[in-house]
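The data block below is start.txt; it holds compact mmCIF, C-alpha atoms and all ligand atoms.
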```
# COMPACT_ATOMS: atom_id res chain seq x y z
CA MET A 1 146.60 55.91 -4.88
CA TYR A 2 144.46 52.78 -4.44
CA ASN A 3 142.73 52.96 -7.83
CA ALA A 4 144.85 50.40 -9.65
CA PHE A 5 144.72 47.98 -6.71
CA PHE A 6 140.91 47.83 -6.77
CA GLY A 7 140.58 48.28 -10.54
CA PHE A 8 139.14 51.83 -10.58
CA LYS A 9 139.74 53.97 -13.66
CA LEU A 10 138.77 57.12 -11.78
CA SER A 11 138.73 58.05 -8.12
CA PRO A 12 135.32 56.88 -6.91
CA PHE A 13 134.98 59.19 -3.93
CA ASN A 14 136.38 62.46 -5.15
CA MET A 15 135.18 65.51 -3.21
CA SER A 16 134.48 67.66 -6.25
CA PRO A 17 130.87 68.35 -7.28
CA ASP A 18 131.16 66.36 -10.51
CA PRO A 19 127.81 65.90 -12.33
CA SER A 20 129.14 62.84 -14.15
CA PHE A 21 128.94 61.02 -10.79
CA LEU A 22 125.41 62.23 -10.13
CA PHE A 23 123.28 59.82 -8.15
CA ARG A 24 119.62 60.65 -8.51
CA SER A 25 118.13 60.16 -5.06
CA ALA A 26 114.45 61.10 -4.78
CA LYS A 27 115.36 64.46 -3.21
CA HIS A 28 118.14 65.26 -5.67
CA GLU A 29 115.89 64.36 -8.57
CA GLU A 30 113.17 66.62 -7.22
CA ALA A 31 115.59 69.48 -6.58
CA LEU A 32 117.05 69.32 -10.07
CA ALA A 33 113.59 69.10 -11.64
CA ASN A 34 112.56 72.17 -9.62
CA LEU A 35 115.63 74.14 -10.68
CA ILE A 36 115.13 73.33 -14.36
CA TYR A 37 111.37 73.84 -14.29
CA GLY A 38 111.69 77.09 -12.36
CA VAL A 39 114.22 78.52 -14.79
CA GLN A 40 112.40 77.32 -17.91
CA SER A 41 109.03 78.64 -16.83
CA ARG A 42 110.53 81.98 -15.75
CA LYS A 43 109.40 81.72 -12.17
CA GLY A 44 111.79 84.37 -10.91
CA PHE A 45 113.30 83.37 -7.56
CA ILE A 46 114.21 79.76 -6.78
CA VAL A 47 115.85 78.80 -3.49
CA LEU A 48 117.74 75.57 -2.80
CA THR A 49 118.83 74.92 0.76
CA GLY A 50 120.34 71.96 2.57
CA GLU A 51 122.68 70.78 5.26
CA VAL A 52 126.43 71.08 4.61
CA GLY A 53 127.63 68.51 2.07
CA THR A 54 124.22 67.35 0.84
CA GLY A 55 124.89 68.20 -2.83
CA LYS A 56 123.75 71.79 -3.45
CA THR A 57 126.79 72.76 -5.52
CA THR A 58 126.51 69.47 -7.42
CA MET A 59 122.89 70.34 -8.29
CA LEU A 60 124.02 73.77 -9.50
CA GLU A 61 126.70 72.13 -11.66
CA CYS A 62 123.99 69.94 -13.20
CA LEU A 63 121.85 73.02 -13.78
CA ARG A 64 124.80 74.77 -15.45
CA ASP A 65 125.30 71.77 -17.75
CA PHE A 66 121.63 71.93 -18.64
CA LEU A 67 121.76 75.70 -19.28
CA ASN A 68 124.86 75.27 -21.44
CA SER A 69 123.14 72.55 -23.45
CA GLN A 70 120.19 74.91 -24.02
CA GLN A 71 122.42 77.88 -24.76
CA VAL A 72 120.88 79.84 -21.90
CA ALA A 73 123.08 82.75 -20.74
CA PHE A 74 123.88 82.69 -17.07
CA ALA A 75 126.04 84.36 -14.47
CA SER A 76 127.30 82.11 -11.74
CA LEU A 77 128.63 83.51 -8.48
CA PHE A 78 130.39 81.09 -6.17
CA ASN A 79 131.99 83.55 -3.83
CA SER A 80 129.19 85.20 -1.95
CA ARG A 81 131.31 87.31 0.39
CA LEU A 82 130.98 90.31 -1.87
CA THR A 83 130.36 94.00 -1.60
CA VAL A 84 127.62 95.51 -3.76
CA GLY A 85 130.30 96.91 -6.10
CA GLN A 86 132.02 93.53 -6.46
CA PHE A 87 128.68 91.84 -7.05
CA PHE A 88 127.84 94.09 -10.01
CA GLU A 89 131.35 93.82 -11.37
CA LEU A 90 131.24 90.00 -11.33
CA LEU A 91 127.74 89.96 -12.78
CA ALA A 92 128.84 92.18 -15.67
CA TYR A 93 131.92 90.03 -16.19
CA ASP A 94 129.98 86.75 -16.26
CA LEU A 95 127.30 88.07 -18.61
CA ASP A 96 129.94 89.80 -20.69
CA LEU A 97 128.23 93.18 -20.42
CA ARG A 98 129.95 95.88 -22.46
CA CYS A 99 130.05 98.78 -20.04
CA ASN A 100 132.15 100.25 -17.28
CA ARG A 101 131.92 97.28 -14.94
CA LEU A 102 132.90 99.38 -11.96
CA SER A 103 129.84 101.60 -12.31
CA LYS A 104 126.67 100.09 -10.83
CA THR A 105 124.51 102.44 -12.94
CA GLU A 106 126.21 101.39 -16.16
CA VAL A 107 126.01 97.71 -15.28
CA LEU A 108 122.31 98.04 -14.47
CA LEU A 109 121.62 99.84 -17.76
CA ALA A 110 123.56 97.29 -19.79
CA LEU A 111 121.94 94.41 -17.93
CA ASN A 112 118.47 95.79 -18.47
CA GLY A 113 119.19 96.22 -22.18
CA MET A 114 120.47 92.67 -22.44
CA LEU A 115 117.54 91.16 -20.54
CA VAL A 116 114.92 93.01 -22.58
CA GLU A 117 116.62 92.05 -25.83
CA ARG A 118 116.92 88.39 -24.85
CA ALA A 119 113.37 88.18 -23.50
CA GLY A 120 112.17 89.79 -26.77
CA VAL A 121 113.44 86.77 -28.69
CA GLY A 122 112.20 84.30 -26.08
CA ARG A 123 115.55 83.70 -24.41
CA THR A 124 116.08 83.11 -20.72
CA THR A 125 118.84 84.63 -18.60
CA VAL A 126 119.83 83.22 -15.24
CA LEU A 127 121.76 84.34 -12.18
CA ILE A 128 123.02 81.54 -9.96
CA VAL A 129 124.40 82.34 -6.51
CA ASP A 130 125.95 79.55 -4.46
CA GLU A 131 126.71 79.91 -0.75
CA ALA A 132 123.95 82.51 -0.67
CA HIS A 133 123.69 82.23 3.13
CA ASN A 134 126.86 84.36 3.22
CA LEU A 135 125.38 87.25 1.23
CA ASP A 136 125.26 90.55 3.03
CA TRP A 137 121.92 92.21 3.48
CA ASP A 138 122.66 94.99 0.98
CA VAL A 139 123.75 92.52 -1.74
CA LEU A 140 120.65 90.40 -1.17
CA GLU A 141 118.59 93.57 -1.47
CA GLU A 142 120.20 94.34 -4.85
CA ILE A 143 119.44 90.79 -5.96
CA ARG A 144 115.82 91.23 -4.88
CA LEU A 145 115.60 94.39 -6.97
CA LEU A 146 117.02 92.55 -9.99
CA GLY A 147 114.22 90.03 -9.50
CA ASN A 148 111.71 92.84 -10.03
CA LEU A 149 112.65 93.30 -13.67
CA GLU A 150 109.84 91.81 -15.70
CA ASN A 151 107.79 92.06 -18.82
CA ARG A 152 104.25 90.81 -19.44
CA ARG A 153 105.38 87.25 -19.98
CA GLY A 154 107.34 86.87 -16.80
CA LYS A 155 110.53 87.71 -14.98
CA LEU A 156 113.42 88.86 -17.12
CA LEU A 157 116.08 87.38 -14.86
CA GLN A 158 115.76 83.96 -13.25
CA ILE A 159 117.56 83.89 -9.93
CA VAL A 160 118.71 80.72 -8.19
CA LEU A 161 119.95 81.09 -4.61
CA ALA A 162 121.59 78.07 -3.01
CA GLY A 163 122.90 77.89 0.50
CA GLN A 164 123.05 76.21 3.85
CA GLN A 165 120.06 76.16 6.16
CA GLU A 166 121.15 79.51 7.54
CA LEU A 167 119.68 80.92 4.31
CA ASP A 168 116.25 79.58 5.29
CA ARG A 169 116.64 81.29 8.66
CA LYS A 170 117.79 84.52 7.00
CA LEU A 171 114.74 84.53 4.75
CA GLU A 172 112.52 84.29 7.82
CA MET A 173 113.91 87.55 9.20
CA PRO A 174 111.61 90.60 8.98
CA GLU A 175 114.03 92.55 6.76
CA PHE A 176 113.92 89.79 4.14
CA ARG A 177 110.15 89.37 4.00
CA GLN A 178 109.88 91.12 0.63
CA LEU A 179 112.38 88.70 -0.85
CA LYS A 180 110.72 85.73 0.82
CA GLN A 181 107.39 86.67 -0.75
CA ARG A 182 108.96 86.63 -4.19
CA ILE A 183 110.34 83.12 -3.98
CA ALA A 184 108.37 81.02 -6.44
CA LEU A 185 110.03 77.67 -5.74
CA ARG A 186 111.85 76.39 -2.72
CA CYS A 187 113.46 73.02 -2.23
CA THR A 188 115.59 71.38 0.42
CA LEU A 189 118.18 68.67 0.09
CA LEU A 190 118.49 66.04 2.81
CA GLY A 191 120.86 63.19 3.51
CA PHE A 192 120.10 59.92 1.74
CA GLU A 193 117.79 57.20 3.02
CA PRO A 194 119.66 53.99 4.05
CA ARG A 195 118.79 52.24 0.81
CA GLU A 196 119.92 55.25 -1.19
CA THR A 197 123.28 55.27 0.58
CA VAL A 198 123.89 51.67 -0.50
CA ALA A 199 122.89 52.51 -4.08
CA TYR A 200 124.97 55.74 -3.97
CA VAL A 201 128.19 53.99 -2.89
CA ASN A 202 127.68 51.25 -5.49
CA SER A 203 126.88 53.76 -8.23
CA ARG A 204 130.03 55.82 -7.56
CA MET A 205 132.20 52.72 -7.65
CA ALA A 206 130.49 51.53 -10.86
CA ARG A 207 131.01 54.97 -12.43
CA ALA A 208 134.68 54.75 -11.44
CA GLY A 209 135.02 51.41 -13.21
CA VAL A 210 134.11 48.66 -10.74
CA LYS A 211 130.60 47.30 -11.31
CA ASP A 212 128.93 45.06 -8.69
CA GLN A 213 131.58 45.89 -6.15
CA THR A 214 132.21 43.51 -3.26
CA ILE A 215 134.76 45.64 -1.41
CA ILE A 216 132.31 47.34 0.97
CA SER A 217 129.41 45.04 1.85
CA PRO A 218 125.81 46.35 1.93
CA GLU A 219 125.76 45.77 5.71
CA LEU A 220 128.88 47.85 6.20
CA ILE A 221 127.40 50.58 3.98
CA GLU A 222 124.37 50.60 6.28
CA GLU A 223 126.68 51.33 9.19
CA ILE A 224 128.41 54.00 7.08
CA HIS A 225 124.97 55.44 6.46
CA PHE A 226 124.28 55.60 10.16
CA ARG A 227 127.57 57.27 11.00
CA SER A 228 127.33 59.78 8.14
CA GLN A 229 123.60 60.38 8.54
CA GLY A 230 123.40 59.81 4.79
CA ILE A 231 125.31 63.04 4.01
CA PRO A 232 127.05 62.49 0.64
CA ARG A 233 130.26 64.37 1.45
CA LEU A 234 130.74 62.40 4.69
CA ILE A 235 129.97 59.13 2.89
CA ASN A 236 132.63 60.01 0.30
CA SER A 237 135.17 60.86 2.90
CA ILE A 238 134.52 57.66 4.92
CA CYS A 239 134.58 55.43 1.83
CA ASP A 240 137.73 57.05 0.48
CA ASN A 241 139.51 56.48 3.78
CA ILE A 242 138.22 52.91 4.09
CA LEU A 243 139.52 52.09 0.62
CA LEU A 244 142.85 53.61 1.52
CA THR A 245 143.02 51.55 4.72
CA ALA A 246 142.07 48.34 2.90
CA PHE A 247 144.72 49.09 0.27
CA ALA A 248 147.33 49.65 2.97
CA MET A 249 146.36 46.29 4.50
CA GLU A 250 146.44 44.66 1.08
CA THR A 251 142.91 43.36 1.29
CA LYS A 252 139.97 43.83 -1.06
CA THR A 253 137.37 43.52 1.69
CA ALA A 254 136.58 46.39 4.04
CA SER A 255 135.70 45.58 7.65
CA LEU A 256 133.92 47.19 10.58
CA GLU A 257 137.27 47.59 12.34
CA MET A 258 138.47 49.71 9.40
CA LEU A 259 135.31 51.79 9.62
CA ASP A 260 135.84 52.27 13.37
CA GLU A 261 139.39 53.45 12.74
CA VAL A 262 138.35 55.77 9.91
CA THR A 263 135.47 57.39 11.80
CA ALA A 264 137.73 57.88 14.81
CA ASP A 265 140.42 59.48 12.62
CA LEU A 266 137.82 61.72 10.97
CA ARG A 267 136.54 62.67 14.44
CA LEU A 268 133.10 61.93 13.10
CA GLU A 269 130.30 62.67 15.49
CA TYR A 270 127.23 60.52 15.25
CA PRO A 271 124.52 59.56 17.72
CA GLY A 272 126.60 57.24 19.86
CA GLN A 273 123.70 56.33 22.12
CA ARG A 274 122.17 54.06 19.52
CA PRO A 275 123.73 50.66 19.90
CA PHE A 276 124.72 49.16 16.59
CA ARG A 277 121.81 46.86 15.68
CA PRO A 278 122.55 44.69 12.75
CA GLU A 279 119.79 43.58 10.44
CA PRO A 280 118.79 39.93 10.82
CA GLY A 281 121.22 37.79 8.89
CA PHE A 282 124.02 40.32 9.42
CA PRO A 283 127.38 38.59 8.92
CA GLU A 284 129.01 37.81 12.27
CA SER A 285 132.37 38.93 10.97
CA ILE A 286 131.49 42.61 11.00
CA LEU A 287 129.60 42.70 14.31
CA ARG A 288 130.96 45.19 16.76
CA ASN A 289 133.09 43.69 19.49
CA PRO A 290 130.65 43.60 22.45
CA GLY A 291 133.42 44.71 24.76
CA VAL A 292 133.85 48.03 22.94
CA PRO A 293 131.43 50.74 24.02
CA SER A 294 129.55 52.33 21.09
N1 LIG B 1 123.38 63.35 -5.69
C1 LIG B 1 124.70 63.20 -5.68
N2 LIG B 1 125.31 62.37 -6.56
C2 LIG B 1 126.66 62.23 -6.56
N3 LIG B 1 127.48 62.86 -5.72
C3 LIG B 1 126.93 63.70 -4.83
C4 LIG B 1 125.53 63.92 -4.76
N4 LIG B 1 125.27 64.81 -3.78
C5 LIG B 1 126.46 65.13 -3.27
N5 LIG B 1 127.46 64.46 -3.88
C6 LIG B 1 128.88 64.50 -3.56
O1 LIG B 1 129.01 64.95 -2.22
C7 LIG B 1 130.04 65.91 -2.09
C8 LIG B 1 129.49 67.21 -1.54
O2 LIG B 1 128.58 67.76 -2.46
P1 LIG B 1 128.44 69.35 -2.68
O3 LIG B 1 129.77 70.02 -2.67
O4 LIG B 1 127.57 69.53 -3.88
O5 LIG B 1 127.62 69.71 -1.35
P2 LIG B 1 127.11 71.13 -0.86
O6 LIG B 1 125.71 70.92 -0.36
O7 LIG B 1 127.31 72.15 -1.91
O8 LIG B 1 128.08 71.41 0.38
P3 LIG B 1 128.37 72.81 1.13
O9 LIG B 1 127.19 73.04 2.04
O10 LIG B 1 129.62 72.56 1.91
O11 LIG B 1 128.52 73.86 0.08
C9 LIG B 1 130.67 66.05 -3.49
O12 LIG B 1 131.78 65.22 -3.55
C10 LIG B 1 129.60 65.52 -4.42
O13 LIG B 1 130.17 64.93 -5.55
MG MG B 2 128.44 73.89 -1.93
```
How would this structure read if it were set down as structure tokens?
Ligand SMILES: Nc1ncnc2c1ncn2[C@@H]1O[C@H](COP(=O)(O)OP(=O)(O)OP(=O)(O)O)[C@@H](O)[C@H]1O
Ligand SMILES: [Mg+2]
Amino acid sequence: MYNAFFGFKLSPFNMSPDPSFLFRSAKHEEALANLIYGVQSRKGFIVLTGEVGTGKTTMLECLRDFLNSQQVAFASLFNSRLTVGQFFELLAYDLDLRCNRLSKTEVLLALNGMLVERAGVGRTTVLIVDEAHNLDWDVLEEIRLLGNLENRRGKLLQIVLAGQQELDRKLEMPEFRQLKQRIALRCTLLGFEPRETVAYVNSRMARAGVKDQTIISPELIEEIHFRSQGIPRLINSICDNILLTAFAMETKTASLEMLDEVTADLRLEYPGQRPFRPEPGFPESILRNPGVPS
């Protein structure tokens, strides 16, 4: 809507997990390196957890791009509310297993055959499960058993489980201790650091076609960082709404008042106790009105 007004060729703050907008914060870089290293070195189980909206699905999309570029076969499950039967059916479908996909025994036999054959010629096969915190106990147990398939050189199936922090808590439960023991690599995504948030916002706008943007000042991005706690999805949603507001007001400069309005509309909760403390040299124009409680 506002793209032409600001000169964007693409929407800068789209909500989709698009790897072409990837911003490599230290944590995201580390997570992606772990995913790729874990899969390549046939580590078996790899777990990626993180707060809602921190970029887990985006990391998985980047991993999928990498696997595609390396011609690595993978199954990718994004709907984790599955029964055991549905899980095997989807697995067989994704890996294109030629068998009766409704029969768990047949799927297991075909899968085993495929994994042994691929491992025999040095090829890796991967199972990616997003939203893994939603998996039922019996499906997780089947996944654990799949992780047992191995030859002398390593695991036959590399399994990546990504999910919200609830997954970490699930893995601490006594019934999951066998699975927990098998996890070779574990990484956690966090919100950005303040400096990263500034670089993130600028990098998305540059990717969308506006380099060296002056629409949202670094100081205002710092306040956006504080209110979003550096969570990428919240940053996107705030910035998108601010741009829309600025467009509606026919100005190319976002203000603190716009941010106040947007965060109120989004019902954003952030630690209100902390008074807004601008950095030294903070432009007067965007200081909070002292009469307004924070
Ligand atoms: N490192 C990053 N670079 C660019 N964009 C990112 C990054 N991390 C997250 N995003 C953006 O933030 C939004 C949320 O990311 P994503 O959907 O990957 O989060 P998630 O952790 O999977 O969330 P959920 O817990 O709800 O599944 C997306 O719009 C995505 O493009
Ligand atoms: Mg996700």
message: Could you list the protein, DNA and RNA residues that have any atom within 7 Å of ligand LIG 1 (chain B), counting all atoms listed in the file, and write them as JSON, numbers by chain?
response: {"A": [13, 14, 15, 16, 17, 18, 19, 21, 22, 23, 24, 25, 28, 50, 51, 52, 53, 54, 55, 56, 57, 58, 59, 131, 163, 164, 232, 233, 236]}
message: Give me the residues near stretch 181-192 of chain A as a PyMOL selection string, where near means some atom within 7 Å (using only C-alpha atoms) and where sequence neighbours in that chain fewer than 5 positions away do not count.
response: chain A and resi 27-28+31+38+43-51+54+197+229-232
query: Between A:Met249, A:Val139, A:Ala132, A:Leu95, which has the minimum distance to ligand MG 2 (chain B) (counting all atoms listed in the file)?
result: A:Ala132
task: Have a look at A:Ile215, A:Phe87, A:Cys99, A:Phe78 and name the one nearest to ligand MG 2 (chain B); count only C-alpha atoms and all ligand atoms.
output: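 Under the stated criterion, the closest residue is A:Phe78.
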message: Calculated over only C-alpha atoms and all ligand atoms, which of the candidates A:His133, A:Lys170, A:Lys155, A:Arg195 has the smallest distance to ligand MG 2 (chain B)?
response: A:His133
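The nearest approach to ligand MG 2 (chain B) among the residues A:Ser103, A:Tyr37, A:Glu61, A:Pro174, with all atoms listed in the file taken into account, belongs to A:Glu61.
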field: For atom CA of A:Leu63 and atom CA of A:Arg98, the interatomic separation in Å (one decimal)
entry: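 Going from atom CA of A:Leu63 over to atom CA of A:Arg98 covers 25.8 Å.
Reported to one decimal place, the separation of atom CA of A:Leu266 from atom CA of A:Val210 is 25.6 Å.
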